[in-house]
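A.B. asks: Next up, upload_34.txt (compact mmCIF, N, CA and C atoms).
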# COMPACT_ATOMS: atom_id res chain seq x y z
N MET A 1 97.48 105.21 98.21
CA MET A 1 98.75 105.23 98.90
C MET A 1 98.74 106.44 99.84
N THR A 2 99.43 106.25 100.96
CA THR A 2 99.59 107.33 101.92
C THR A 2 100.91 107.15 102.66
N ASN A 3 101.24 108.11 103.50
CA ASN A 3 102.44 108.00 104.32
C ASN A 3 102.11 107.73 105.78
N LYS A 4 100.87 108.01 106.17
CA LYS A 4 100.42 107.78 107.55
C LYS A 4 98.92 108.00 107.60
N ARG A 5 98.31 107.63 108.71
CA ARG A 5 96.88 107.85 108.90
C ARG A 5 96.58 109.34 108.72
N ASP A 6 95.57 109.64 107.94
CA ASP A 6 95.18 111.02 107.64
C ASP A 6 96.29 111.82 106.97
N GLY A 7 97.23 111.13 106.33
CA GLY A 7 98.32 111.81 105.63
C GLY A 7 97.95 112.16 104.20
N VAL A 8 98.96 112.43 103.42
CA VAL A 8 98.80 112.74 102.01
C VAL A 8 98.25 111.51 101.30
N LEU A 9 97.33 111.70 100.36
CA LEU A 9 96.73 110.59 99.63
C LEU A 9 97.13 110.64 98.15
N TYR A 10 97.34 109.46 97.59
CA TYR A 10 97.66 109.31 96.17
C TYR A 10 96.74 108.26 95.58
N ILE A 11 96.17 108.55 94.43
CA ILE A 11 95.31 107.61 93.72
C ILE A 11 95.93 107.34 92.36
N GLY A 12 96.03 106.08 92.00
CA GLY A 12 96.60 105.72 90.71
C GLY A 12 95.98 104.45 90.18
N VAL A 13 96.38 104.09 88.96
CA VAL A 13 95.88 102.90 88.28
C VAL A 13 97.08 102.06 87.85
N THR A 14 96.93 100.75 87.97
CA THR A 14 97.97 99.83 87.51
C THR A 14 97.35 98.49 87.16
N SER A 15 98.01 97.75 86.31
CA SER A 15 97.55 96.39 85.99
C SER A 15 98.26 95.36 86.86
N ASP A 16 99.26 95.78 87.64
CA ASP A 16 100.01 94.87 88.51
C ASP A 16 100.27 95.58 89.84
N LEU A 17 99.29 95.50 90.74
CA LEU A 17 99.36 96.26 91.99
C LEU A 17 100.57 95.91 92.85
N PRO A 18 100.88 94.64 93.10
CA PRO A 18 102.07 94.36 93.93
C PRO A 18 103.36 94.96 93.36
N ALA A 19 103.54 94.84 92.05
CA ALA A 19 104.74 95.38 91.42
C ALA A 19 104.77 96.90 91.54
N ARG A 20 103.63 97.54 91.37
CA ARG A 20 103.57 99.01 91.44
C ARG A 20 103.86 99.50 92.85
N ILE A 21 103.35 98.80 93.86
CA ILE A 21 103.62 99.18 95.24
C ILE A 21 105.12 99.06 95.52
N LEU A 22 105.74 98.00 95.05
CA LEU A 22 107.19 97.85 95.22
C LEU A 22 107.95 98.98 94.54
N GLN A 23 107.48 99.41 93.39
CA GLN A 23 108.11 100.55 92.72
C GLN A 23 108.04 101.80 93.60
N HIS A 24 106.87 102.06 94.16
CA HIS A 24 106.72 103.22 95.02
C HIS A 24 107.63 103.12 96.24
N ARG A 25 107.72 101.94 96.81
CA ARG A 25 108.51 101.75 98.03
C ARG A 25 110.00 101.84 97.79
N THR A 26 110.44 101.58 96.59
CA THR A 26 111.87 101.65 96.30
C THR A 26 112.25 102.96 95.59
N GLY A 27 111.29 103.89 95.51
CA GLY A 27 111.58 105.18 94.91
C GLY A 27 111.52 105.21 93.40
N HIS A 28 110.97 104.18 92.78
CA HIS A 28 110.87 104.12 91.33
C HIS A 28 109.44 104.32 90.83
N GLY A 29 108.53 104.67 91.73
CA GLY A 29 107.14 104.94 91.35
C GLY A 29 107.00 106.39 90.92
N SER A 30 105.87 106.96 91.19
CA SER A 30 105.62 108.34 90.79
C SER A 30 106.47 109.32 91.59
N SER A 31 106.75 110.45 90.99
CA SER A 31 107.52 111.49 91.69
C SER A 31 106.71 112.05 92.86
N PHE A 32 105.39 112.04 92.75
CA PHE A 32 104.53 112.51 93.83
C PHE A 32 104.72 111.62 95.06
N CYS A 33 104.69 110.31 94.86
CA CYS A 33 104.89 109.38 95.98
C CYS A 33 106.28 109.53 96.58
N ARG A 34 107.27 109.73 95.74
CA ARG A 34 108.65 109.94 96.22
C ARG A 34 108.73 111.20 97.06
N ARG A 35 108.15 112.27 96.55
CA ARG A 35 108.22 113.57 97.23
C ARG A 35 107.62 113.52 98.63
N TYR A 36 106.51 112.80 98.79
CA TYR A 36 105.81 112.78 100.07
C TYR A 36 106.01 111.49 100.87
N GLY A 37 106.85 110.60 100.39
CA GLY A 37 107.13 109.37 101.12
C GLY A 37 105.93 108.45 101.27
N LEU A 38 105.15 108.36 100.21
CA LEU A 38 103.94 107.53 100.26
C LEU A 38 104.31 106.08 99.99
N ASN A 39 104.16 105.23 101.00
CA ASN A 39 104.54 103.83 100.84
C ASN A 39 103.56 102.85 101.46
N LEU A 40 102.43 103.33 101.93
CA LEU A 40 101.43 102.47 102.55
C LEU A 40 100.21 102.34 101.64
N LEU A 41 99.83 101.11 101.35
CA LEU A 41 98.62 100.86 100.58
C LEU A 41 97.47 100.70 101.57
N VAL A 42 96.54 101.63 101.55
CA VAL A 42 95.43 101.58 102.51
C VAL A 42 94.08 101.30 101.85
N TYR A 43 94.04 101.29 100.53
CA TYR A 43 92.79 101.03 99.82
C TYR A 43 93.11 100.62 98.39
N ALA A 44 92.36 99.66 97.87
CA ALA A 44 92.51 99.25 96.47
C ALA A 44 91.17 98.70 95.99
N GLU A 45 90.92 98.88 94.70
CA GLU A 45 89.70 98.36 94.07
C GLU A 45 90.07 97.59 92.82
N PRO A 46 89.56 96.37 92.67
CA PRO A 46 89.75 95.66 91.40
C PRO A 46 88.71 96.12 90.38
N HIS A 47 89.09 96.10 89.12
CA HIS A 47 88.16 96.46 88.04
C HIS A 47 88.28 95.46 86.91
N GLU A 48 87.21 95.29 86.17
CA GLU A 48 87.17 94.33 85.07
C GLU A 48 88.13 94.68 83.93
N ASN A 49 88.30 95.99 83.70
CA ASN A 49 89.19 96.41 82.61
C ASN A 49 89.79 97.77 82.92
N ILE A 50 90.79 98.13 82.16
CA ILE A 50 91.53 99.37 82.40
C ILE A 50 90.66 100.61 82.21
N TYR A 51 89.69 100.54 81.33
CA TYR A 51 88.82 101.69 81.09
C TYR A 51 87.97 102.01 82.31
N GLU A 52 87.44 100.97 82.94
CA GLU A 52 86.67 101.17 84.18
C GLU A 52 87.58 101.73 85.28
N ALA A 53 88.78 101.20 85.36
CA ALA A 53 89.72 101.65 86.39
C ALA A 53 90.09 103.11 86.22
N ILE A 54 90.35 103.52 85.00
CA ILE A 54 90.72 104.92 84.73
C ILE A 54 89.54 105.85 85.00
N THR A 55 88.35 105.42 84.63
CA THR A 55 87.15 106.23 84.90
C THR A 55 86.98 106.44 86.40
N ARG A 56 87.14 105.36 87.17
CA ARG A 56 87.02 105.45 88.63
C ARG A 56 88.13 106.32 89.22
N GLU A 57 89.35 106.17 88.72
CA GLU A 57 90.47 106.99 89.20
C GLU A 57 90.18 108.47 89.00
N LYS A 58 89.74 108.84 87.83
CA LYS A 58 89.46 110.24 87.53
C LYS A 58 88.34 110.77 88.42
N ALA A 59 87.32 109.96 88.63
CA ALA A 59 86.21 110.39 89.49
C ALA A 59 86.70 110.60 90.92
N MET A 60 87.47 109.64 91.43
CA MET A 60 87.94 109.75 92.81
C MET A 60 88.92 110.91 93.01
N LYS A 61 89.71 111.20 92.01
CA LYS A 61 90.63 112.34 92.11
C LYS A 61 89.86 113.66 92.23
N ALA A 62 88.63 113.69 91.73
CA ALA A 62 87.80 114.89 91.81
C ALA A 62 87.02 114.98 93.12
N TRP A 63 87.03 113.91 93.90
CA TRP A 63 86.31 113.89 95.18
C TRP A 63 86.93 114.83 96.19
N LYS A 64 86.11 115.24 97.14
CA LYS A 64 86.61 115.97 98.31
C LYS A 64 87.43 114.99 99.14
N ARG A 65 88.42 115.51 99.85
CA ARG A 65 89.28 114.68 100.69
C ARG A 65 88.45 113.88 101.71
N ALA A 66 87.45 114.52 102.30
CA ALA A 66 86.63 113.85 103.32
C ALA A 66 85.97 112.59 102.76
N TRP A 67 85.56 112.63 101.49
CA TRP A 67 84.93 111.46 100.88
C TRP A 67 85.94 110.33 100.75
N LYS A 68 87.17 110.67 100.37
CA LYS A 68 88.22 109.65 100.22
C LYS A 68 88.53 109.01 101.58
N VAL A 69 88.65 109.84 102.60
CA VAL A 69 88.92 109.33 103.94
C VAL A 69 87.78 108.43 104.40
N GLU A 70 86.56 108.84 104.15
CA GLU A 70 85.40 108.04 104.53
C GLU A 70 85.42 106.67 103.84
N LEU A 71 85.77 106.65 102.57
CA LEU A 71 85.85 105.40 101.82
C LEU A 71 86.93 104.49 102.41
N ILE A 72 88.10 105.03 102.65
CA ILE A 72 89.19 104.25 103.25
C ILE A 72 88.75 103.68 104.59
N GLU A 73 88.20 104.53 105.44
CA GLU A 73 87.84 104.10 106.79
C GLU A 73 86.65 103.14 106.82
N SER A 74 85.83 103.15 105.79
CA SER A 74 84.71 102.21 105.74
C SER A 74 85.19 100.77 105.57
N LEU A 75 86.33 100.59 104.93
CA LEU A 75 86.87 99.25 104.69
C LEU A 75 88.16 98.97 105.46
N ASN A 76 88.84 100.01 105.87
CA ASN A 76 90.13 99.86 106.55
C ASN A 76 90.23 100.92 107.66
N PRO A 77 89.42 100.79 108.72
CA PRO A 77 89.34 101.84 109.74
C PRO A 77 90.66 102.14 110.44
N ALA A 78 91.56 101.17 110.51
CA ALA A 78 92.84 101.39 111.18
C ALA A 78 93.92 101.89 110.22
N TRP A 79 93.59 102.05 108.96
CA TRP A 79 94.54 102.47 107.94
C TRP A 79 95.73 101.51 107.89
N ASP A 80 95.44 100.21 108.01
CA ASP A 80 96.51 99.21 107.94
C ASP A 80 97.08 99.16 106.53
N ASP A 81 98.36 98.79 106.45
CA ASP A 81 99.01 98.61 105.16
C ASP A 81 98.51 97.29 104.57
N LEU A 82 97.89 97.33 103.42
CA LEU A 82 97.28 96.17 102.79
C LEU A 82 98.21 95.41 101.87
N PHE A 83 99.44 95.88 101.71
CA PHE A 83 100.36 95.27 100.76
C PHE A 83 100.58 93.78 101.03
N GLU A 84 100.75 93.40 102.29
CA GLU A 84 101.02 92.00 102.63
C GLU A 84 99.88 91.08 102.20
N GLN A 85 98.67 91.60 102.12
CA GLN A 85 97.53 90.79 101.69
C GLN A 85 97.59 90.49 100.20
N LEU A 86 98.38 91.25 99.45
CA LEU A 86 98.47 91.07 98.00
C LEU A 86 99.44 89.97 97.62
N VAL A 87 100.49 89.80 98.42
CA VAL A 87 101.55 88.85 98.06
C VAL A 87 101.45 87.55 98.80
Taking this structure as input, can you express it in the form of structure tokens?
C.D. replies:
Amino acid sequence: MTNKRDGVLYIGVTSDLPARILQHRTGHGSSFCRRYGLNLLVYAEPHENIYEAITREKAMKAWKRAWKVELIESLNPAWDDLFEQLV
């Protein structure tokens, strides 16, 4: 999640991505997303199970910002909001 291209980044895990994005957009998601106005989904990864997802989340949170930006831009160079593709 982000608020704009090259803006603040948020990484999280959920079992229901569309519902979680709606929570963030209506101010019922994380306090971090509320604080920084993060409402754009610019990257998402599916995982086979929650354990894999949490492991990946923790690893990515430890990454340098440049690595996260590179990953986003490799699949979404325009930083388009991907939410509409989910629903």
A.B. asks: Of the candidates A:Gln85, A:Asn76, A:Thr26, A:Thr2, which shows the shortest atom-to-atom distance to A:Leu41, using all atoms listed in the file?
C.D. replies: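 For A:Leu41, the nearest of the given residues is A:Thr2.
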A.B. asks: Using DSSP assignments from the backbone, pull out every residue in chain A that falls under alpha helix (DSSP H) and give it to me as a VMD selection string.
C.D. replies: chain A and resid 17 to 25 31 to 36 50 to 61 65 to 75 83 to 86
A.B. asks: Looking at A:Val42, A:Ile72, A:Ala78, A:Ala53, which one is nearest to A:Gly12, with distances taken over all atoms listed in the file?
C.D. replies: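 Using all atoms listed in the file, A:Gly12 sits closest to A:Ala53.
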A.B. asks: I'd like the interatomic distance between atom CA of A:Leu40 and atom CA of A:Asn3, to a tenth of an Å.
C.D. replies: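 Separation between atom CA of A:Leu40 and atom CA of A:Asn3: 5.9 Å.
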A.B. asks: Go ahead and compute the interatomic distance for atom N of A:Arg35 and atom N of A:Asn49, in Å to one decimal.
C.D. replies: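 Between these atoms lies a distance of 28.7 Å.
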A.B. asks: Can you tell me how far atom C of A:Asn39 sits from atom N of A:Ser15, in Å to one decimal?
C.D. replies: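 Pair atom C of A:Asn39 / atom N of A:Ser15 returns 16.9 Å.
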A.B. asks: So which one's closest to A:Ile54, A:Thr14, A:Asp81, A:Val8, A:Gln23? Using all atoms listed in the file, please.
C.D. replies: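 Answer, going by the shortest atom-to-atom distance: A:Thr14.
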A.B. asks: Which of these, A:Ser31, A:Val69, A:Pro18, A:Glu84, has the shortest distance to A:Asp6 once you count all atoms listed in the file?
C.D. replies: A:Val69
A.B. asks: Which residues are close to A:Gly7, i.e. within 10 Å by only C-alpha atoms, leaving aside same-chain residues fewer than 6 positions away? Reply as an NGL selection string.
C.D. replies: :A and (1 or 36 or 38 or 69)
